[in-house]
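Listing of run.pdb, PDB, C-alpha atoms
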```pdb
MODEL        1
ATOM      1  CA  MET U 584       0.000   0.000   0.000
ATOM      2  CA  TYR U 585       2.689   2.508   0.987
ATOM      3  CA  ASP U 586       5.041   1.348  -1.774
ATOM      4  CA  VAL U 587       2.885   1.717  -4.868
ATOM      5  CA  TYR U 588      -0.899   1.753  -4.446
ATOM      6  CA  GLY U 589      -1.849   4.553  -2.052
ATOM      7  CA  THR U 590      -1.971   8.175  -3.159
ATOM      8  CA  ARG U 591      -0.046  10.703  -1.115
ATOM      9  CA  HIS U 592      -3.287  12.158   0.319
ATOM     10  CA  GLU U 593      -4.663   8.714   1.166
ATOM     11  CA  LEU U 594      -1.424   7.708   2.865
ATOM     12  CA  GLU U 595      -1.342  10.931   4.873
ATOM     13  CA  ILE U 596      -4.878  10.314   6.169
ATOM     14  CA  PHE U 597      -4.091   6.686   6.977
ATOM     15  CA  THR U 598      -0.880   7.572   8.811
ATOM     16  CA  LYS U 599      -2.694  10.178  10.890
ATOM     17  CA  ALA U 600      -5.356   7.615  11.775
ATOM     18  CA  VAL U 601      -2.724   5.157  12.973
ATOM     19  CA  ASN U 602      -1.107   7.902  15.029
ATOM     20  CA  GLN U 603      -4.419   8.407  16.816
ATOM     21  CA  TRP U 604      -4.360   4.836  18.113
ATOM     22  CA  ASP U 605      -5.736   5.461  21.564
ATOM     23  CA  ILE U 606      -3.055   5.261  24.218
ATOM     24  CA  LYS U 607      -5.797   5.679  26.821
ATOM     25  CA  ALA U 608      -6.644   2.040  26.231
ATOM     26  CA  MET U 609      -3.530   1.288  28.250
ATOM     27  CA  GLU U 610      -5.358   2.505  31.365
ATOM     28  CA  ASP U 611      -7.610  -0.555  31.212
ATOM     29  CA  LEU U 612      -4.724  -3.000  31.017
ATOM     30  CA  PRO U 613      -3.097  -4.763  33.955
ATOM     31  CA  GLU U 614       0.163  -3.138  34.999
ATOM     32  CA  TYR U 615       2.282  -5.979  33.653
ATOM     33  CA  MET U 616       0.820  -5.584  30.129
ATOM     34  CA  ARG U 617       1.340  -1.846  29.788
ATOM     35  CA  ALA U 618       5.015  -1.903  28.825
ATOM     36  CA  CYS U 619       4.297  -4.361  26.027
ATOM     37  CA  TYR U 620       1.288  -2.403  24.758
ATOM     38  CA  LEU U 621       3.219   0.846  24.799
ATOM     39  CA  ALA U 622       6.130  -0.774  22.949
ATOM     40  CA  LEU U 623       3.888  -2.195  20.236
ATOM     41  CA  LEU U 624       2.022   1.091  19.863
ATOM     42  CA  ASP U 625       5.243   3.057  19.581
ATOM     43  CA  PHE U 626       6.824   0.636  17.111
ATOM     44  CA  TRP U 627       3.806   0.604  14.803
ATOM     45  CA  LYS U 628       3.511   4.391  14.825
ATOM     46  CA  LYS U 629       7.184   4.689  13.873
ATOM     47  CA  LEU U 630       6.733   2.057  11.173
ATOM     48  CA  CYS U 631       3.852   3.915   9.508
ATOM     49  CA  GLU U 632       5.745   7.193   9.748
ATOM     50  CA  SER U 633       8.747   5.592   8.057
ATOM     51  CA  TYR U 634       6.525   4.222   5.273
ATOM     52  CA  PHE U 635       5.055   7.682   4.742
ATOM     53  CA  THR U 636       8.519   9.229   4.592
ATOM     54  CA  GLU U 637       9.344   6.883   1.716
ATOM     55  CA  ALA U 638       6.027   7.719   0.036
ATOM     56  CA  ARG U 639       6.782  11.457   0.266
ATOM     57  CA  TRP U 640      10.164  10.887  -1.358
ATOM     58  CA  PHE U 641       8.526   8.879  -4.136
ATOM     59  CA  TYR U 642       5.791  11.387  -4.956
ATOM     60  CA  SER U 643       8.139  14.370  -4.859
ATOM     61  CA  GLY U 644      10.720  12.612  -7.042
ATOM     62  CA  TYR U 645      13.356  13.019  -4.342
ATOM     63  CA  THR U 646      16.235  10.569  -4.049
ATOM     64  CA  PRO U 647      17.666  10.684  -0.518
ATOM     65  CA  THR U 648      21.320  10.302   0.306
ATOM     66  CA  LEU U 649      22.304   6.832   1.416
ATOM     67  CA  GLU U 650      22.581   8.048   5.007
ATOM     68  CA  GLU U 651      19.093   9.596   4.890
ATOM     69  CA  TYR U 652      17.690   6.447   3.364
ATOM     70  CA  LEU U 653      19.204   4.071   5.917
ATOM     71  CA  GLU U 654      18.169   6.268   8.860
ATOM     72  CA  ASN U 655      14.590   5.644   7.795
ATOM     73  CA  ALA U 656      14.886   2.241   6.133
ATOM     74  CA  TRP U 657      16.046   0.270   9.175
ATOM     75  CA  ILE U 658      12.600   1.064  10.599
ATOM     76  CA  SER U 659      10.572   0.565   7.399
ATOM     77  CA  ILE U 660      11.901  -2.977   6.992
ATOM     78  CA  GLY U 661       9.807  -3.888  10.053
ATOM     79  CA  GLY U 662      12.610  -5.543  12.003
ATOM     80  CA  PRO U 663      11.911  -4.039  15.443
ATOM     81  CA  GLU U 664       8.232  -5.015  15.201
ATOM     82  CA  ALA U 665       9.071  -8.556  14.131
ATOM     83  CA  ILE U 666      11.542  -9.041  16.971
ATOM     84  CA  VAL U 667       9.263  -7.592  19.661
ATOM     85  CA  HIS U 668       6.313  -9.700  18.505
ATOM     86  CA  ALA U 669       8.494 -12.806  18.355
ATOM     87  CA  TYR U 670       9.837 -12.154  21.847
ATOM     88  CA  ILE U 671       6.342 -11.826  23.306
ATOM     89  CA  LEU U 672       5.173 -15.016  21.577
ATOM     90  CA  GLN U 673       8.331 -16.878  22.556
ATOM     91  CA  GLU U 674       8.502 -15.858  26.195
ATOM     92  CA  GLY U 675       4.810 -15.405  26.991
ATOM     93  CA  LEU U 676       3.239 -12.379  28.615
ATOM     94  CA  ASP U 677       3.488 -12.257  32.377
ATOM     95  CA  GLY U 678       4.878  -9.967  35.028
ATOM     96  CA  ARG U 679       8.410 -11.285  34.771
ATOM     97  CA  ASN U 680       8.617 -10.870  31.018
ATOM     98  CA  SER U 681       6.992  -7.440  30.973
ATOM     99  CA  VAL U 682       9.884  -6.244  33.129
ATOM    100  CA  SER U 683      12.243  -8.068  30.785
ATOM    101  CA  MET U 684      10.625  -6.394  27.776
ATOM    102  CA  ASP U 685      11.015  -2.943  29.307
ATOM    103  CA  HIS U 686      14.696  -3.689  29.940
ATOM    104  CA  CYS U 687      15.153  -4.982  26.379
ATOM    105  CA  LEU U 688      13.738  -1.827  24.852
ATOM    106  CA  LYS U 689      15.921   0.422  26.991
ATOM    107  CA  GLN U 690      19.145  -1.560  26.709
ATOM    108  CA  GLY U 691      18.762  -3.459  23.439
ATOM    109  CA  GLY U 692      18.296  -0.592  21.016
ATOM    110  CA  GLU U 693      21.648  -1.119  19.306
ATOM    111  CA  LEU U 694      20.915  -4.796  18.740
ATOM    112  CA  LEU U 695      17.534  -3.974  17.209
ATOM    113  CA  TYR U 696      19.150  -1.314  15.031
ATOM    114  CA  TRP U 697      22.009  -3.383  13.614
ATOM    115  CA  SER U 698      19.837  -6.449  13.071
ATOM    116  CA  SER U 699      17.225  -4.378  11.234
ATOM    117  CA  LEU U 700      19.876  -2.546   9.203
ATOM    118  CA  ILE U 701      21.363  -5.857   8.063
ATOM    119  CA  THR U 702      17.909  -7.116   7.125
ATOM    120  CA  ARG U 703      17.248  -3.937   5.138
ATOM    121  CA  MET U 704      20.510  -4.088   3.197
ATOM    122  CA  THR U 705      20.223  -7.797   2.370
ATOM    123  CA  ASN U 706      16.656  -7.121   1.221
ATOM    124  CA  ASP U 707      17.847  -4.259  -0.980
ATOM    125  CA  LEU U 708      20.635  -6.314  -2.519
ATOM    126  CA  GLY U 709      18.219  -9.118  -3.344
ATOM    127  CA  THR U 710      15.196  -7.145  -4.538
ATOM    128  CA  CYS U 711      16.394  -3.808  -5.953
ATOM    129  CA  LYS U 712      16.227  -4.734  -9.639
ATOM    130  CA  ALA U 713      12.691  -6.128  -9.478
ATOM    131  CA  GLU U 714      11.427  -3.284  -7.298
ATOM    132  CA  SER U 715      12.987  -0.651  -9.543
ATOM    133  CA  ALA U 716      11.372  -2.265 -12.598
ATOM    134  CA  ARG U 717       7.903  -2.034 -11.060
ATOM    135  CA  GLY U 718       8.326   1.612 -10.052
ATOM    136  CA  ASP U 719       9.124   1.302  -6.364
ATOM    137  CA  ILE U 720      11.100   3.937  -4.446
ATOM    138  CA  ALA U 721      14.875   4.151  -4.709
ATOM    139  CA  LYS U 722      16.640   1.709  -2.403
ATOM    140  CA  SER U 723      20.136   1.869  -0.925
ATOM    141  CA  ILE U 724      21.889   0.935  -4.160
ATOM    142  CA  GLU U 725      20.083   3.564  -6.253
ATOM    143  CA  CYS U 726      20.553   6.170  -3.515
ATOM    144  CA  TYR U 727      24.312   5.644  -3.533
ATOM    145  CA  MET U 728      24.446   5.631  -7.334
ATOM    146  CA  VAL U 729      22.800   9.069  -7.459
ATOM    147  CA  GLU U 730      24.712  10.481  -4.488
ATOM    148  CA  ALA U 731      28.182   9.316  -5.545
ATOM    149  CA  GLY U 732      27.724   9.107  -9.309
ATOM    150  CA  ALA U 733      28.641   5.444  -9.006
ATOM    151  CA  SER U 734      27.851   2.513 -11.257
ATOM    152  CA  ARG U 735      25.466  -0.186 -10.050
ATOM    153  CA  GLU U 736      28.376  -2.561  -9.480
ATOM    154  CA  GLU U 737      30.235   0.050  -7.406
ATOM    155  CA  ALA U 738      27.096   0.768  -5.384
ATOM    156  CA  ILE U 739      26.524  -2.921  -4.685
ATOM    157  CA  LYS U 740      30.131  -3.254  -3.524
ATOM    158  CA  HIS U 741      29.708  -0.259  -1.208
ATOM    159  CA  VAL U 742      26.484  -1.582   0.326
ATOM    160  CA  ARG U 743      28.134  -4.959   0.882
ATOM    161  CA  SER U 744      30.976  -3.225   2.735
ATOM    162  CA  LEU U 745      28.397  -1.527   4.974
ATOM    163  CA  LEU U 746      26.781  -4.909   5.506
ATOM    164  CA  PHE U 747      30.108  -6.391   6.625
ATOM    165  CA  HIS U 748      30.615  -3.517   9.080
ATOM    166  CA  SER U 749      27.069  -3.921  10.403
ATOM    167  CA  TRP U 750      27.680  -7.587  11.155
ATOM    168  CA  LYS U 751      30.754  -6.663  13.186
ATOM    169  CA  LYS U 752      28.663  -4.198  15.197
ATOM    170  CA  LEU U 753      25.823  -6.681  15.694
ATOM    171  CA  ASN U 754      28.176  -9.388  16.933
ATOM    172  CA  GLU U 755      29.869  -6.905  19.251
ATOM    173  CA  GLU U 756      26.559  -5.715  20.707
ATOM    174  CA  SER U 757      25.323  -9.283  21.090
ATOM    175  CA  TYR U 758      28.417 -10.172  23.093
ATOM    176  CA  LYS U 759      28.275  -7.240  25.507
ATOM    177  CA  SER U 760      24.521  -6.603  25.782
ATOM    178  CA  SER U 761      22.789  -7.092  29.128
ATOM    179  CA  ILE U 762      19.415  -8.001  27.609
ATOM    180  CA  PRO U 763      18.116 -11.596  27.905
ATOM    181  CA  ARG U 764      19.962 -14.019  25.670
ATOM    182  CA  SER U 765      16.705 -15.080  24.030
ATOM    183  CA  MET U 766      16.153 -11.532  22.742
ATOM    184  CA  ALA U 767      19.750 -11.253  21.530
ATOM    185  CA  LYS U 768      19.354 -14.543  19.647
ATOM    186  CA  LEU U 769      16.213 -13.244  17.955
ATOM    187  CA  CYS U 770      18.176 -10.238  16.698
ATOM    188  CA  LEU U 771      20.979 -12.446  15.403
ATOM    189  CA  ASN U 772      18.613 -14.957  13.820
ATOM    190  CA  MET U 773      16.586 -12.319  11.987
ATOM    191  CA  ALA U 774      19.782 -11.017  10.380
ATOM    192  CA  ARG U 775      20.889 -14.557   9.505
ATOM    193  CA  THR U 776      17.487 -15.368   8.025
ATOM    194  CA  SER U 777      17.592 -12.292   5.809
ATOM    195  CA  HIS U 778      20.825 -13.539   4.232
ATOM    196  CA  CYS U 779      19.227 -16.907   3.621
ATOM    197  CA  ILE U 780      16.079 -15.482   2.010
ATOM    198  CA  TYR U 781      17.728 -12.823  -0.161
ATOM    199  CA  HIS U 782      21.001 -14.556  -1.023
ATOM    200  CA  HIS U 783      19.893 -15.444  -4.560
ATOM    201  CA  GLY U 784      17.443 -12.594  -5.154
ATOM    202  CA  ASP U 785      13.968 -11.969  -3.760
ATOM    203  CA  GLY U 786      13.261 -15.161  -1.869
ATOM    204  CA  ILE U 787       9.699 -14.080  -1.096
ATOM    205  CA  GLY U 788       8.191 -11.854  -3.794
ATOM    206  CA  THR U 789       9.686 -13.537  -6.870
ATOM    207  CA  SER U 790      10.956 -16.795  -5.445
ATOM    208  CA  SER U 791      11.617 -19.634  -7.863
ATOM    209  CA  GLY U 792      10.690 -22.083  -5.143
ATOM    210  CA  ALA U 793      14.092 -22.157  -3.464
ATOM    211  CA  THR U 794      12.761 -20.609  -0.256
ATOM    212  CA  LYS U 795       9.941 -23.146  -0.057
ATOM    213  CA  ASP U 796      12.367 -26.006  -0.662
ATOM    214  CA  LEU U 797      14.659 -24.667   2.040
ATOM    215  CA  LEU U 798      11.859 -24.395   4.596
ATOM    216  CA  MET U 799      10.560 -27.844   3.724
ATOM    217  CA  SER U 800      14.016 -29.354   4.202
ATOM    218  CA  LEU U 801      14.414 -27.535   7.512
ATOM    219  CA  ILE U 802      11.005 -28.181   9.081
ATOM    220  CA  VAL U 803       9.205 -31.012   7.269
ATOM    221  CA  GLN U 804      11.605 -33.404   5.602
ATOM    222  CA  THR U 805      13.538 -35.898   7.669
ATOM    223  CA  ILE U 806      17.331 -35.882   7.778
ATOM    224  CA  ASN U 807      18.790 -38.899   6.012
TER
ENDMDL
END
```

Starting from the file, lay out its structure as structure tokens.
Amino acid sequence: MYDVYGTRHELEIFTKAVNQWDIKAMEDLPEYMRACYLALLDFWKKLCESYFTEARWFYSGYTPTLEEYLENAWISIGGPEAIVHAYILQEGLDGRNSVSMDHCLKQGGELLYWSSLITRMTNDLGTCKAESARGDIAKSIECYMVEAGASREEAIKHVRSLLFHSWKKLNEESYKSSIPRSMAKLCLNMARTSHCIYHHGDGIGTSSGATKDLLMSLIVQTIN
């Protein structure tokens, strides 16, 4: 919807509606649920705002610098939301884990950031050609090409160097972070999964069946 279908006016109205998600509803929740509700509310508001930022760029014909793009794109990839939802489903929702969640959000921001940034860049490397062909917004590779006057090959090489650096930072943060190990593993595994899905192109939108075969071999088929 944000990528191609919605008009700028429609997206502005929708984003405002999401931003009016009633925080007063938190007053009716038990104390131990409030941190989780507030986290989910905040993450989804930021996600819609990041989508709308990309839509504004698209409709105005603006190509951001690579730095501008990545500052927004690590949110628009949806990584923080995926990790928080997975953590709640994995650990359950009780008093102990609501305290743990609050601690994760305060102390685990760097882990969420680097994991999401890796996911964004692997996604861009795997999907940029197809998305550009269908009229999507400029991704990291196109942003660097315009900013630096670089060829596509040079831009891909540059993004891969940023990806390598991001992995170093993610591993470093994972080692020294004080958040629960289960949350740190979720951050690491999301980044690993993104490499698996986008290694040979878009493993979701235009998959040749390789992603399905991989999941079947991992979950369904027995090991011989």

Pull out every residue that the PyMOL selection byres ((chain U and resi 739) around 12) matches in the shown coordinates and put them as a count of residues only.
27

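Picture a line from atom CA of U:Trp604 to atom CA of U:Lys628; it runs 8.5 Å.
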
Write out as AutoDock Vina command-line options an axis-aligned box for stretch 745-752 of chain U: all of its atoms listed in the file, 3 Å added on each side, centre and edge lengths in Å with one decimal.
```
--center_x 28.8 --center_y -4.6 --center_z 10.1 --size_x 10.0 --size_y 12.1 --size_z 16.2
```

Which of U:Trp657, U:Ala793, U:Val803, U:Gly662 sits closest to U:Leu771 [using only C-alpha atoms]:
U:Gly662

Applied to the shown file, which residues does the PyMOL selection byres ((chain U and resi 697) around 12) return, written as a ChimeraX atom specification?
/U:653-654,656-658,662-663,691-696,698-704,745-757,767,770-771,773-775

Selected residues written out, C-alpha atoms, as a PDB file, in the frame of the given file:
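Dumped to out-v6.pdb:
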```pdb
ATOM      1  CA  LEU U 653      19.204   4.071   5.917  1.00  0.00           C
ATOM      2  CA  GLU U 654      18.169   6.268   8.860  1.00  0.00           C
ATOM      3  CA  ALA U 656      14.886   2.241   6.133  1.00  0.00           C
ATOM      4  CA  TRP U 657      16.046   0.270   9.175  1.00  0.00           C
ATOM      5  CA  ILE U 658      12.600   1.064  10.599  1.00  0.00           C
ATOM      6  CA  GLY U 662      12.610  -5.543  12.003  1.00  0.00           C
ATOM      7  CA  PRO U 663      11.911  -4.039  15.443  1.00  0.00           C
ATOM      8  CA  GLY U 691      18.762  -3.459  23.439  1.00  0.00           C
ATOM      9  CA  GLY U 692      18.296  -0.592  21.016  1.00  0.00           C
ATOM     10  CA  GLU U 693      21.648  -1.119  19.306  1.00  0.00           C
ATOM     11  CA  LEU U 694      20.915  -4.796  18.740  1.00  0.00           C
ATOM     12  CA  LEU U 695      17.534  -3.974  17.209  1.00  0.00           C
ATOM     13  CA  TYR U 696      19.150  -1.314  15.031  1.00  0.00           C
ATOM     14  CA  SER U 698      19.837  -6.449  13.071  1.00  0.00           C
ATOM     15  CA  SER U 699      17.225  -4.378  11.234  1.00  0.00           C
ATOM     16  CA  LEU U 700      19.876  -2.546   9.203  1.00  0.00           C
ATOM     17  CA  ILE U 701      21.363  -5.857   8.063  1.00  0.00           C
ATOM     18  CA  THR U 702      17.909  -7.116   7.125  1.00  0.00           C
ATOM     19  CA  ARG U 703      17.248  -3.937   5.138  1.00  0.00           C
ATOM     20  CA  MET U 704      20.510  -4.088   3.197  1.00  0.00           C
ATOM     21  CA  LEU U 745      28.397  -1.527   4.974  1.00  0.00           C
ATOM     22  CA  LEU U 746      26.781  -4.909   5.506  1.00  0.00           C
ATOM     23  CA  PHE U 747      30.108  -6.391   6.625  1.00  0.00           C
ATOM     24  CA  HIS U 748      30.615  -3.517   9.080  1.00  0.00           C
ATOM     25  CA  SER U 749      27.069  -3.921  10.403  1.00  0.00           C
ATOM     26  CA  TRP U 750      27.680  -7.587  11.155  1.00  0.00           C
ATOM     27  CA  LYS U 751      30.754  -6.663  13.186  1.00  0.00           C
ATOM     28  CA  LYS U 752      28.663  -4.198  15.197  1.00  0.00           C
ATOM     29  CA  LEU U 753      25.823  -6.681  15.694  1.00  0.00           C
ATOM     30  CA  ASN U 754      28.176  -9.388  16.933  1.00  0.00           C
ATOM     31  CA  GLU U 755      29.869  -6.905  19.251  1.00  0.00           C
ATOM     32  CA  GLU U 756      26.559  -5.715  20.707  1.00  0.00           C
ATOM     33  CA  SER U 757      25.323  -9.283  21.090  1.00  0.00           C
ATOM     34  CA  ALA U 767      19.750 -11.253  21.530  1.00  0.00           C
ATOM     35  CA  CYS U 770      18.176 -10.238  16.698  1.00  0.00           C
ATOM     36  CA  LEU U 771      20.979 -12.446  15.403  1.00  0.00           C
ATOM     37  CA  MET U 773      16.586 -12.319  11.987  1.00  0.00           C
ATOM     38  CA  ALA U 774      19.782 -11.017  10.380  1.00  0.00           C
ATOM     39  CA  ARG U 775      20.889 -14.557   9.505  1.00  0.00           C
TER      40      ARG U 775
END
```

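Shortest separation to U:Gly644 among U:Glu595, U:Asp719, U:Glu632, U:Glu664 occurs at residue U:Asp719, atoms counted being only C-alpha atoms.
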
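What the PyMOL selection byres ((chain U and resi 630) around 9) matches in the given file is Asp625, Phe626, Trp627, Lys628, Lys629, Cys631, Glu632, Ser633, Tyr634, Phe635, Ile658, Ser659, Ile660, Gly661 and Glu664 of chain U.
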
Please compute the atom CA of U:Asn706-atom CA of U:Ser765 distance, one decimal, in Å.
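That distance, rounded to one decimal, is 24.2 Å.
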
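Shortest separation to U:Arg591 among U:Asn655, U:Thr710, U:Thr646, U:Thr636 occurs at residue U:Thr636, atoms counted being all atoms listed in the file.
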